[in-house]
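Everything below concerns the one structure shown next.
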Amino acid sequence: MGLPLPSKVLEHILSFIDSNEDRNSVSLVCKSWFDTERRTRKRVFVGNCYSVSPVTVSRRFPKMRSLTLKGKPHFADYNLVPDGWGGYAWPWIEVLAKKNPLLEEIRLKRMVITDECLEMIAASFKEFKALVLVSCEGFTTDGIAAIAATCRNLEVLELRECIVEDLGGDWLSYFPESLTSLVSLDFSCLDSEVKLSDLERLVSRSPNLKSLKLNRAVTLEGLESLLRRAPQLTDLGTGSFSAEFEPEMFSKLSKAFAECKQLKSLSGLWDVIPEYLPALYSVCPGLTSLNLSYATVRMPDLVGILRRCWKLQKLWVMDLIEDKGLQTVAMRCKDLRELRVFPSEPDLDDVSVALTEEGLVTVSRSCRKLESILYFCVQFTNAALVTISRYRPNIKCFRLCVIEPFAPDHITREPLDEGFRAIVEGCKDLRRLSVSGLLTDKAFEYIGKHAKKVRMLSIAFAGDSDLMLHHLLSGCEGLKKLEIRDCPFGDSALLEHAAKLETMRSLWMSSCFVSFGACKVLSQKLPKLNVEVIDEMYPPESRPENSPVERIYIYRTLAGPRLDMPEFVWTIHKNPEVGVSNLAIK
Amino acid sequence: MITEMEMEKGESELELGLGLSLGGGTTVKNGKSNAGGGGAWGERGRLLTAKDFPSVGSKRAADSSSHAGSSPPRSSSQVVGWPPIGSHRMNSLATKSAAREEEEASKKKLQDDETKDVTKKANVKVQVGFIKVNMDGVAIGRKVDMNAHSSYENLAQTLEDMFFRTNPGTIGLTGQFTKPLRLLDGSSEFVLTYEDKEGDWMLVGDVPWRMFVTSVKRLRVMKTSEANGLAARRQEPNERRRNQPV
C-alpha cells in the first residue's frame, strides 16, 4: 500500500490541468483527490442551470473565478420554447455575490438576466473582469451602463445576439475616463447609436483592446476613425458597411484597414455596398475568420474577397455565394476548418437555387482540414453525402438543413437514409449531427449503430415510428443532448430506454406523440430526472392520459424540481399522490 | 386534431423496460415499418408525410406507398422555428426583405424609414407588459407588469408596496405600509411620472388607463419639487374619478 500523495503536490499537479472533463475524472478517484480538485478549480462550467443548485456549486468550488452557465434548451433559438419558461440568472448571482466575491468572469448562454442582476454583479464583485452574454434577454441598456460605470478592472464586455431593451446609446458614456483595461467590447446586437466621440475616446485609452464589434448604427466614417485609433485590433466587427460611394472615403478606409496588420477576424458587414469591399483587400491575406453572413452582396463580389483569403479557417456566408463561389473557396482556402452557409431568404418560396449540394461537395473534396459544417440548402442527394463522407472522414460537426421538410434525394427520390449512413459510418469522430430531408427509421438504425461519439443530435420532421427513437436510445453511446421536433414516435421507445436518459444532459421533444401518461411514469420511476411538460394549450390533467402533450423537456438534475416555473410548465411530482403541479411543492 | 394518432392502448401497458426487444410486431418491408410493441402505430405501416403534422403548414401530396413521385411543389411553410435560423438572423433577413420591397415601390427616403421601423419592431423584444420603474434616491430600479394592472389605483398600490414596504423583497397588492403614499393625488412628496413612446416625460393620470398602457415606456417616481413644468396638467383629486375606465 503506497503513501498518499501530499495535497500540496497534488495541487501543483492539478494546476496544469485545465480541462474540466479531466478534472471531473480526477475528482472521482478518491475523497482526498475530490477535495483537492474542488478547492483548486477556477473555471466552472454548468451546462444546464437547473441541473444543480447555485449553493451546491458555490460551496463545492470556493476558489471559483469564472462561471459559465447555460439556461434554455437549444431549440429556444428557433422560438420553440415559450417566453417565460425560465433560465434566470438571479438565483446564481445572488448566491455568488455573497459567497464568491472574488469572481472575475461570468458567461451566460440563453439565460434571462435583469438589470437588477447586472447592477448586483457590478456592485458585488470587486475584481470583476469579464461579462459575456450570449443569446440572453431580460435586461436593458441601463444594466450595461451599470457594469460600464462600476467595474473598474473590466476587460471583456460582450453582448452576442442578445435581446436587449434598448433605451438609447448613453450606456457607452458610462465607462469612466479612468478605465483603460478594455480588451474586448462587443455591442453588435444593440440598436441605438452610441456617441462616436465617446467611443473614439474609449478606444484611444484602451491600449489592450484586441476585439471590437460595433453595432449596425456605426457608420463607415465612424469605423474609419476608430480603426485609426486601434490598428492593433485582431478581431473586428464593422457597423453598417454602406454609404454613398465617395473616392475619398474609400481611400481613407483602405488606408485605415491597411494599418491593421494584426487583424485576424472580420465580421459585421451589414448592408455592404460592393464598391466599398475592395477596401478590405489589404487585410484579407491575414484573415483566419470571416463572417459574411450578413453581407447581402452577390457572388462575384464575394469571390473578390474570398480569393484573397488564403489563410481562412472559418467562413460564414450566405447562400448568395452559390456553388460557383464555393469553388473559389475550395481552390483558395486550403486551410478551411469551418464552413457555415445560411439562407438569404427566410421564405421557402423564394429560395435561390444556385446553391446546391455540389457546392458543399466541392469544398469537402479540396479542403482537407474541413471538420465543421453547417449548410442550408434546398435539396440534397445521397451521392453527395457519400462523397463528402469519403473525402472528409475527419468531420466532427455535420449539420445539414434541407430547407423543405421531407425532401427526398432530388435525383433518385429516395430517402436520405443511405447518405446519412455514409456520414456516420465514415466520420468516426463525429460529435454533433443535425439531420434533415426525407428520413425513415432506417436512417436512425444507422445513426444508433455507428454514431458512437455523437454528443448532440438534432432531428426534425423525420422517421416513421417508435423504431426511430428505439434505435437512437439503444445506440448512440456518447449521446448527451437530443432534440427532436415533429417526429411520429410515441411512448414505448421512450419508456423502454428510460434509463438512458439519466446518462444524458437533456432531451427535448416537441410536436411528437408522447403522452402525459408516459411522462408521469417516467418521472415517478426516474428520481434523478426532471420531467417538464410544456403545454400552453391545456393543463395536462385536463386531457385523457394518452393524449399527446405539446413539448417535453427532460433533464437530469441534482436539484429536484425547480420552483420558478411559469403556468404553462408542469412538473410531475415524484410523489404520485401529489400529482401534477406547476408550483413544485417539496 | 390529432385524433387519428391517438393511442389505443391503455395506460396499464405503459411500463418501463431496459432495452428489451420490442417484440415480434416489428417487420420491415420495402422501407415501410410497423412499430412493434405498442404505441400509436400498430396498424400503420406507411410513410408519414407532411400532412400528418398539424404544425406543418404545407401540405405535400406525397404518395405513401412509394418514394417515387413528382417533385413536390415548393410551397411556403408557416412552420414555427423552421428553417432553424436564430431570431437575430431572421430579423435581419426580414428587414432586408421589407427594404427590398419598398425600394421597388416607392422613394428611397420612405424606404429608409420603413426599414428602421421594421428593424425596431423586429429587434426590440417585448417583455410583454413589463416596464422599468425608477425612484429618485433609490439605486436599484424595479420592473412592473402593466398587464397585471387594471387601473391607476392598482398600479400606484403596487409601486407603493414595492418601494415603501418594510420588506422590499416581496411584492404584494395587499399589506400594511407605514406611510400611504398617494402617488396619484399630489398630496405626498413624490409623484408618479412616465416617459411615453415619443420620449416625453409626463405626469401619470391624465389619459384613460388603456391609452396609458399602450404609450408608456417607463415610469419614474419623482420628487414633487422636481416635477414642476411637466407636460400634463395636474388633476384635482375629485376630477380624477372621471377618467377611470368604465
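Just remember, in the C-alpha cells the first chain shown is A, the second B, etc., residues are 1-based per chain, and ligands are 1-based in the order shown.
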
Return as a ChimeraX atom specification the residues belonging to chain A that are within 7 Å of chain B, counting only C-alpha atoms.
/A:77-80,116,161,163-165,344-349,403,413-414,464-467,474,486,490-492,495-499,517-518,546-547

Filtering to C-alpha atoms, could you give me those residues as a PDB file, in the first residue's frame?
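New file again-v7.pdb:
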ATOM      1  CA  ASP A  77     -33.136  29.802 -30.576  1.00  0.00           C
ATOM      2  CA  TYR A  78     -35.912  28.880 -33.001  1.00  0.00           C
ATOM      3  CA  ASN A  79     -38.792  30.111 -30.869  1.00  0.00           C
ATOM      4  CA  LEU A  80     -39.840  26.641 -29.777  1.00  0.00           C
ATOM      5  CA  GLU A 116     -31.068  44.292 -11.172  1.00  0.00           C
ATOM      6  CA  GLU A 161     -27.169  38.061 -30.194  1.00  0.00           C
ATOM      7  CA  ILE A 163     -32.372  40.700 -26.954  1.00  0.00           C
ATOM      8  CA  VAL A 164     -31.837  43.953 -25.147  1.00  0.00           C
ATOM      9  CA  GLU A 165     -34.380  46.617 -24.465  1.00  0.00           C
ATOM     10  CA  SER A 344     -30.633  34.564 -47.652  1.00  0.00           C
ATOM     11  CA  GLU A 345     -34.404  34.206 -47.856  1.00  0.00           C
ATOM     12  CA  PRO A 346     -36.424  33.075 -44.849  1.00  0.00           C
ATOM     13  CA  ASP A 347     -39.418  32.327 -47.042  1.00  0.00           C
ATOM     14  CA  LEU A 348     -39.225  28.900 -48.655  1.00  0.00           C
ATOM     15  CA  ASP A 349     -40.913  30.169 -51.785  1.00  0.00           C
ATOM     16  CA  ILE A 403     -34.978  23.516 -46.092  1.00  0.00           C
ATOM     17  CA  ARG A 413     -36.406  10.387 -54.994  1.00  0.00           C
ATOM     18  CA  GLU A 414     -35.146   8.024 -52.320  1.00  0.00           C
ATOM     19  CA  ASP A 464     -41.802   6.648 -39.360  1.00  0.00           C
ATOM     20  CA  SER A 465     -42.430   5.209 -35.967  1.00  0.00           C
ATOM     21  CA  ASP A 466     -41.257   4.376 -32.488  1.00  0.00           C
ATOM     22  CA  LEU A 467     -38.425   2.393 -34.030  1.00  0.00           C
ATOM     23  CA  SER A 474     -30.431   1.885 -27.632  1.00  0.00           C
ATOM     24  CA  ASP A 486     -42.291  16.930 -35.298  1.00  0.00           C
ATOM     25  CA  GLY A 490     -44.845   7.760 -29.185  1.00  0.00           C
ATOM     26  CA  ASP A 491     -44.313   6.476 -25.718  1.00  0.00           C
ATOM     27  CA  SER A 492     -42.998   2.979 -25.930  1.00  0.00           C
ATOM     28  CA  LEU A 495     -40.257   4.254 -21.713  1.00  0.00           C
ATOM     29  CA  GLU A 496     -38.243   1.267 -22.766  1.00  0.00           C
ATOM     30  CA  HIS A 497     -34.989   3.159 -22.774  1.00  0.00           C
ATOM     31  CA  ALA A 498     -35.712   5.486 -19.941  1.00  0.00           C
ATOM     32  CA  ALA A 499     -32.518   4.562 -18.114  1.00  0.00           C
ATOM     33  CA  GLY A 517     -49.298   9.206 -19.018  1.00  0.00           C
ATOM     34  CA  ALA A 518     -45.823   8.287 -20.213  1.00  0.00           C
ATOM     35  CA  ASN A 546     -52.929   9.084 -23.603  1.00  0.00           C
ATOM     36  CA  SER A 547     -53.290  12.334 -25.442  1.00  0.00           C
TER      37      SER A 547
END

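For segment 306-424 of chain A, backbone-based DSSP labels the following residues as strand (DSSP E or B): A:Lys314, A:Leu315, A:Trp316, A:Val317, A:Met318, A:Glu338, A:Leu339, A:Arg340, A:Val341, A:Phe342, A:Ser372, A:Ile373, A:Leu374, A:Tyr375, A:Phe376, A:Cys377, A:Cys397, A:Phe398, A:Arg399, A:Leu400, A:Cys401, A:Val402.
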
Please return as a list in words: the residues of segment 285-355 of chain A that backbone DSSP assigns to helix (DSSP H, G or I).
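Written out, the helix (DSSP H, G or I) residues of segment 285-355 of chain A are Pro285, Gly286, Met299, Pro300, Asp301, Leu302, Val303, Gly304, Ile305, Leu306, Asp319, Leu320, Ile321, Glu322, Asp323, Lys324, Gly325, Leu326, Gln327, Thr328, Val329, Ala330, Met331, Arg332, Leu348, Asp349 and Asp350 of chain A.
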
Determine, counting only C-alpha atoms, which protein, DNA and RNA residues have an atom within 8 Å of an atom of Thr150 of chain A; residues of the same chain fewer than 4 positions away are not included. Present the result as a PyMOL selection string.
chain A and resi 122-123+146

Neighbours of Glu322 of chain A within 8 Å (only C-alpha atoms; same-chain residues fewer than 6 positions away dropped), as JSON, numbers by chain?
{"A": [299, 354, 355, 356, 359]}

Could you turn the residues from that selection into a file that holds all heavy atoms, as a CSV table (one decimal), in the first residue's frame?
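File written: result_19.csv
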chain,number,residue,atom,x,y,z
A,299,MET,N,-22.5,37.0,-55.7
A,299,MET,CA,-21.3,36.0,-55.8
A,299,MET,C,-20.1,36.7,-56.3
A,299,MET,O,-19.0,36.5,-55.7
A,299,MET,CB,-21.8,34.8,-56.6
A,299,MET,CG,-20.7,33.7,-56.7
A,299,MET,SD,-19.7,33.8,-58.1
A,299,MET,CE,-20.8,33.6,-59.4
A,354,ALA,N,-29.2,28.6,-56.9
A,354,ALA,CA,-27.9,28.5,-57.4
A,354,ALA,C,-26.9,27.9,-56.4
A,354,ALA,O,-25.7,27.7,-56.7
A,354,ALA,CB,-27.4,29.9,-57.8
A,355,LEU,N,-27.4,27.6,-55.2
A,355,LEU,CA,-26.6,26.9,-54.3
A,355,LEU,C,-27.2,25.5,-54.1
A,355,LEU,O,-28.3,25.3,-53.7
A,355,LEU,CB,-26.6,27.6,-52.9
A,355,LEU,CG,-25.7,26.8,-51.9
A,355,LEU,CD1,-24.3,27.4,-51.9
A,355,LEU,CD2,-26.3,26.9,-50.5
A,356,THR,N,-26.4,24.5,-54.4
A,356,THR,CA,-26.9,23.1,-54.3
A,356,THR,C,-25.9,22.3,-53.5
A,356,THR,O,-24.9,22.8,-53.0
A,356,THR,CB,-27.0,22.5,-55.7
A,356,THR,OG1,-25.6,22.2,-56.2
A,356,THR,CG2,-27.7,23.3,-56.7
A,359,GLY,N,-22.0,22.5,-54.2
A,359,GLY,CA,-21.1,23.5,-53.5
A,359,GLY,C,-20.4,22.8,-52.3
A,359,GLY,O,-19.1,23.0,-52.2

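For Phe16 of chain A, the list of residues within 12 Å, based on only C-alpha atoms and with local chain neighbours fewer than 6 positions off taken out, reads Val9, Leu10, Asp22, Arg23, Glu37, Thr40, Arg41 and Lys42 of chain A.
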
Just the selected residues (C-alpha atoms), exported as an mmCIF file, in the first residue's frame, please.
data_model
loop_
_atom_site.group_PDB
_atom_site.id
_atom_site.type_symbol
_atom_site.label_atom_id
_atom_site.label_comp_id
_atom_site.auth_asym_id
_atom_site.auth_seq_id
_atom_site.Cartn_x
_atom_site.Cartn_y
_atom_site.Cartn_z
ATOM 1 C CA VAL A 9 1.945 18.079 -4.542
ATOM 2 C CA LEU A 10 -1.439 17.127 -5.938
ATOM 3 C CA ASP A 22 -10.181 15.800 -16.930
ATOM 4 C CA ARG A 23 -10.802 17.486 -13.632
ATOM 5 C CA GLU A 37 -9.528 19.250 -7.049
ATOM 6 C CA THR A 40 -8.339 24.417 -6.907
ATOM 7 C CA ARG A 41 -10.853 24.634 -9.723
ATOM 8 C CA LYS A 42 -11.003 28.152 -11.067
#

List as a ChimeraX atom specification the protein and nucleic acid residues near segment 101-105 of chain A, meaning an atom at most 9 Å away when only C-alpha atoms are counted, but skip any in the same chain fewer than 5 places from it.
/A:43,63-68,96,124-132,156

With only C-alpha atoms as the counted atoms, please give the residues lying no more than 7 Å from segment 145-155 of chain B, apart from itself and same-chain residues fewer than 2 positions off, as a list in words.
Gly129, Phe130, Ile131, Lys143, Gln157, Thr158, Leu159, Gly205, Trp209 and Val213 of chain B
